[in-house]
Amino acid sequence: MISTNEPMATSFSRHTKSQDDSISIEDSALTLATEKSRTARRALAFIVAGIAITSAGHYLTPPEYRLWHAIFQRLYYLPVVYAAIAFGSTGGIVAGIVAGLLYIPHILTTWSHEHDYAMGQYAEIFMFLAVGGVTGVLSDRERRQRKELQATAQQLSRVYRELQNTFEQVRRADRLSAIGQLAASLAHEIRNPLASIDGAAEVMEAAQQPEEVRAETMSIVRNECSRLNRLLTSLLDFARPRKPEWREVDVQKVIDSVTELVKHSAGKGIQFERRTGDQLPTLRGDEEQIAQVMLNLTINAAQAMPDGGKITLTAVEKNNGILIQVRDEGAGILPEHMEKIFDPFFTTKDTGTGLGLSVVHQIVTQLGGTISVASNEERGMTFSLFFPPSTGDAA
Ligand SMILES: Nc1ncnc2c1ncn2[C@@H]1O[C@H](COP(=O)(O)OP(=O)(O)OP(=O)(O)O)[C@@H](O)[C@H]1O
Ligand SMILES: [Mg+2]
């Protein structure tokens, strides 16, 4: 019962929503039409009042005030031009004709004895029509262009919306395929240690194993468990990165603490060098996350030098931002591996999860920075992180 009711409720609510949408579109169209007709009425009132007042000025002013008549005569242009702007060429010409029709009786009654002056006034009426017509044509053209622009803008916004939809679909498809790949690699990563643990269990099951074999088997089980544990921790970091807590980061302090940490686990033959500029710009970011990035890079550097060497950690100012580098003297990365090193689960190590650099990439990008890697001239690799000056929660 419930399952049959639910879709109905959904479709009903969807229907109501689309009805609401169309009502609101109709409402806004109606408001626009009302607003337009109100503006047109106001313009018409101004034109009628302008022509009426100017004509009244002519009829009520005695002929000896010639200057006033000359002024009134030119005042007709105001309503005529306004009519042309508001209603186009038809509006301009009609206003010109109305002004002329109201003006002609005044010329006939008052100025017919002054032939030249009267002719000048008739010519002025012709000018009303010409000015009204030309202004109207120009205003028509401007209106047409505005309409075309509006249509183009609407078309562009429609195309933009369609593009956005397509982009969303592509992103969704991308995410799904990434999840599929992730699941496949994860299954592979988990199956290997499980097989080892299974084998170890079999060995333990066999009765009367010498003490060394038992110890060795137990250490395999422990190693595999800790590998699985690390895999899951990195996977969680990668899959559910927490939001950065934006604060000022003391890069030198981060470098020192990372060096201290790695020193203990790295072999004796590894030396560390810190090179930091005197006046480093402030780096805004998440200190813990930046420490994790540095740790992953430094551990990789140490692991790349099983026979020892030097790891150099640098932090300097560059283009008002901060450039942080981790340089090693290890075996380097094969050219065919370069493209894959940031891929989740790509590893060339027996016990690696292949998530270290993926996490690094994710964190650096989330903090608004960039990461790049290059082979050193002599030997080893240099990983470079750049955080631009604007990096921060606002970014
Ligand atoms: N400094 C480096 N020198 C040489 N190879 C490197 C260096 N850093 C990374 N790599 C290569 O990139 C691969 C991926 O590194 P990443 O940190 O993602 O995983 P991992 O180190 O193999 O495993 P995990 O970080 O889980 O221990 C490594 O297996 C290694 O082949
Ligand atoms: Mg690593």
# chains A, B, ... in the order shown; residues from 1 in each chain; ligands from 1
call {"tool": "residues_around", "arguments": {"residues": "A:Ala302", "least_positions_apart": "2", "cutoff": "8 Å", "atoms": "only C-alpha atoms", "output": "list in words"}}
result
Val262, Ala266, Gly267, Ile270, Thr298, Ile299, Asn300, Ala304, Met305, Pro306, Gly308, Ile311, Asp328 and Gly330 of chain A
call {"tool": "residues_around", "arguments": {"residues": "A:Gly199", "least_positions_apart": "6", "cutoff": "10 Å", "atoms": "only C-alpha atoms", "output": "list in words"}}
result
Pro193, Glu205, Thr217, Ile220 and Val221 of chain A
call {"tool": "write_last_selection", "arguments": {"atoms": "N, CA and C atoms", "output": "PDB file, in the first residue's frame"}}
result
ATOM      1  N   PRO A 193      47.496  -9.610   1.325  1.00  0.00           N
ATOM      2  CA  PRO A 193      47.786  -9.884   2.744  1.00  0.00           C
ATOM      3  C   PRO A 193      46.908 -10.988   3.303  1.00  0.00           C
ATOM      4  N   GLU A 205      48.758 -24.309  11.933  1.00  0.00           N
ATOM      5  CA  GLU A 205      47.881 -25.442  12.226  1.00  0.00           C
ATOM      6  C   GLU A 205      48.667 -26.760  12.266  1.00  0.00           C
ATOM      7  N   THR A 217      56.334 -17.121  11.280  1.00  0.00           N
ATOM      8  CA  THR A 217      54.954 -17.080  10.803  1.00  0.00           C
ATOM      9  C   THR A 217      54.172 -15.979  11.522  1.00  0.00           C
ATOM     10  N   ILE A 220      55.003 -12.678  10.107  1.00  0.00           N
ATOM     11  CA  ILE A 220      54.322 -12.445   8.815  1.00  0.00           C
ATOM     12  C   ILE A 220      52.897 -11.962   9.074  1.00  0.00           C
ATOM     13  N   VAL A 221      52.214 -12.654   9.993  1.00  0.00           N
ATOM     14  CA  VAL A 221      50.820 -12.285  10.294  1.00  0.00           C
ATOM     15  C   VAL A 221      50.758 -10.837  10.791  1.00  0.00           C
TER      16      VAL A 221
END
call {"tool": "residues_around", "arguments": {"residues": "A:Pro335", "least_positions_apart": "5", "cutoff": "12 Å", "atoms": "only C-alpha atoms", "output": "number ranges by chain"}}
result
A: 340-341, 373-375, 381
call {"tool": "write_last_selection", "arguments": {"atoms": "N, CA and C atoms", "output": "PDB file, in the first residue's frame"}}
result
ATOM      1  N   LYS A 340      51.910   7.708 -13.268  1.00  0.00           N
ATOM      2  CA  LYS A 340      51.038   6.915 -12.398  1.00  0.00           C
ATOM      3  C   LYS A 340      51.247   7.182 -10.915  1.00  0.00           C
ATOM      4  N   ILE A 341      52.321   7.873 -10.562  1.00  0.00           N
ATOM      5  CA  ILE A 341      52.666   7.910  -9.132  1.00  0.00           C
ATOM      6  C   ILE A 341      51.590   8.547  -8.256  1.00  0.00           C
ATOM      7  N   VAL A 373      56.704  17.305  -9.760  1.00  0.00           N
ATOM      8  CA  VAL A 373      57.840  16.452  -9.448  1.00  0.00           C
ATOM      9  C   VAL A 373      58.812  16.472 -10.612  1.00  0.00           C
ATOM     10  N   ALA A 374      60.101  16.465 -10.286  1.00  0.00           N
ATOM     11  CA  ALA A 374      61.100  16.472 -11.359  1.00  0.00           C
ATOM     12  C   ALA A 374      62.306  15.655 -10.925  1.00  0.00           C
ATOM     13  N   SER A 375      62.972  15.070 -11.925  1.00  0.00           N
ATOM     14  CA  SER A 375      64.194  14.318 -11.619  1.00  0.00           C
ATOM     15  C   SER A 375      65.332  15.308 -11.401  1.00  0.00           C
ATOM     16  N   MET A 381      64.959  12.519  -6.817  1.00  0.00           N
ATOM     17  CA  MET A 381      63.802  13.306  -7.255  1.00  0.00           C
ATOM     18  C   MET A 381      63.624  14.534  -6.364  1.00  0.00           C
TER      19      MET A 381
END
call {"tool": "closest_atom_pairs", "arguments": {"of": "chain A", "to": "ligand 1", "cutoff": "8 Å", "atoms": "only C-alpha atoms and all ligand atoms", "output": "tab-separated table"}}
result
residue	atom	partner	partner_atom_place_in_ligand_line	distance
A:Arg230	CA	ligand 1	26 (O)	7.4
A:Leu231	CA	ligand 1	26 (O)	6.9
A:Ser234	CA	ligand 1	26 (O)	7.2
A:Asn296	CA	ligand 1	17 (O)	6.3
A:Leu297	CA	ligand 1	8 (N)	6.5
A:Thr298	CA	ligand 1	1 (N)	7.6
A:Ile299	CA	ligand 1	21 (O)	7.6
A:Asn300	CA	ligand 1	8 (N)	4.6
A:Ala301	CA	ligand 1	1 (N)	3.9
A:Ala302	CA	ligand 1	1 (N)	7.4
A:Gln303	CA	ligand 1	2 (C)	7.5
A:Ala304	CA	ligand 1	3 (N)	4.8
A:Met305	CA	ligand 1	3 (N)	8.0
A:Arg327	CA	ligand 1	1 (N)	7.4
A:Asp328	CA	ligand 1	1 (N)	6.3
A:Gly330	CA	ligand 1	3 (N)	5.9
A:Ala331	CA	ligand 1	4 (C)	6.0
A:Gly332	CA	ligand 1	4 (C)	4.3
A:Ile333	CA	ligand 1	5 (N)	4.7
A:His337	CA	ligand 1	31 (O)	7.3
A:Met338	CA	ligand 1	12 (O)	7.8
A:Lys340	CA	ligand 1	12 (O)	7.8
A:Ile341	CA	ligand 1	12 (O)	4.5
A:Phe342	CA	ligand 1	18 (O)	6.0
A:Asp343	CA	ligand 1	18 (O)	7.2
A:Pro344	CA	ligand 1	18 (O)	6.8
A:Phe345	CA	ligand 1	18 (O)	6.9
A:Phe346	CA	ligand 1	14 (C)	5.4
A:Thr347	CA	ligand 1	29 (O)	3.3
A:Thr348	CA	ligand 1	29 (O)	4.0
A:Lys349	CA	ligand 1	29 (O)	5.1
A:Thr351	CA	ligand 1	27 (O)	6.9
A:Gly352	CA	ligand 1	23 (O)	3.5
A:Thr353	CA	ligand 1	26 (O)	3.6
A:Gly354	CA	ligand 1	19 (O)	3.3
A:Leu355	CA	ligand 1	18 (O)	4.4
A:Gly356	CA	ligand 1	25 (O)	3.5
A:Leu357	CA	ligand 1	18 (O)	3.6
A:Ser358	CA	ligand 1	18 (O)	5.7
A:Val359	CA	ligand 1	18 (O)	7.7
A:Gly380	CA	ligand 1	3 (N)	6.3
A:Met381	CA	ligand 1	1 (N)	5.4
A:Thr382	CA	ligand 1	1 (N)	7.1
A:Phe383	CA	ligand 1	1 (N)	7.4
call {"tool": "atom_distance", "arguments": {"atom1": "atom CA of A:Gly96", "atom2": "atom CA of A:Val80"}}
result
5.7 Å
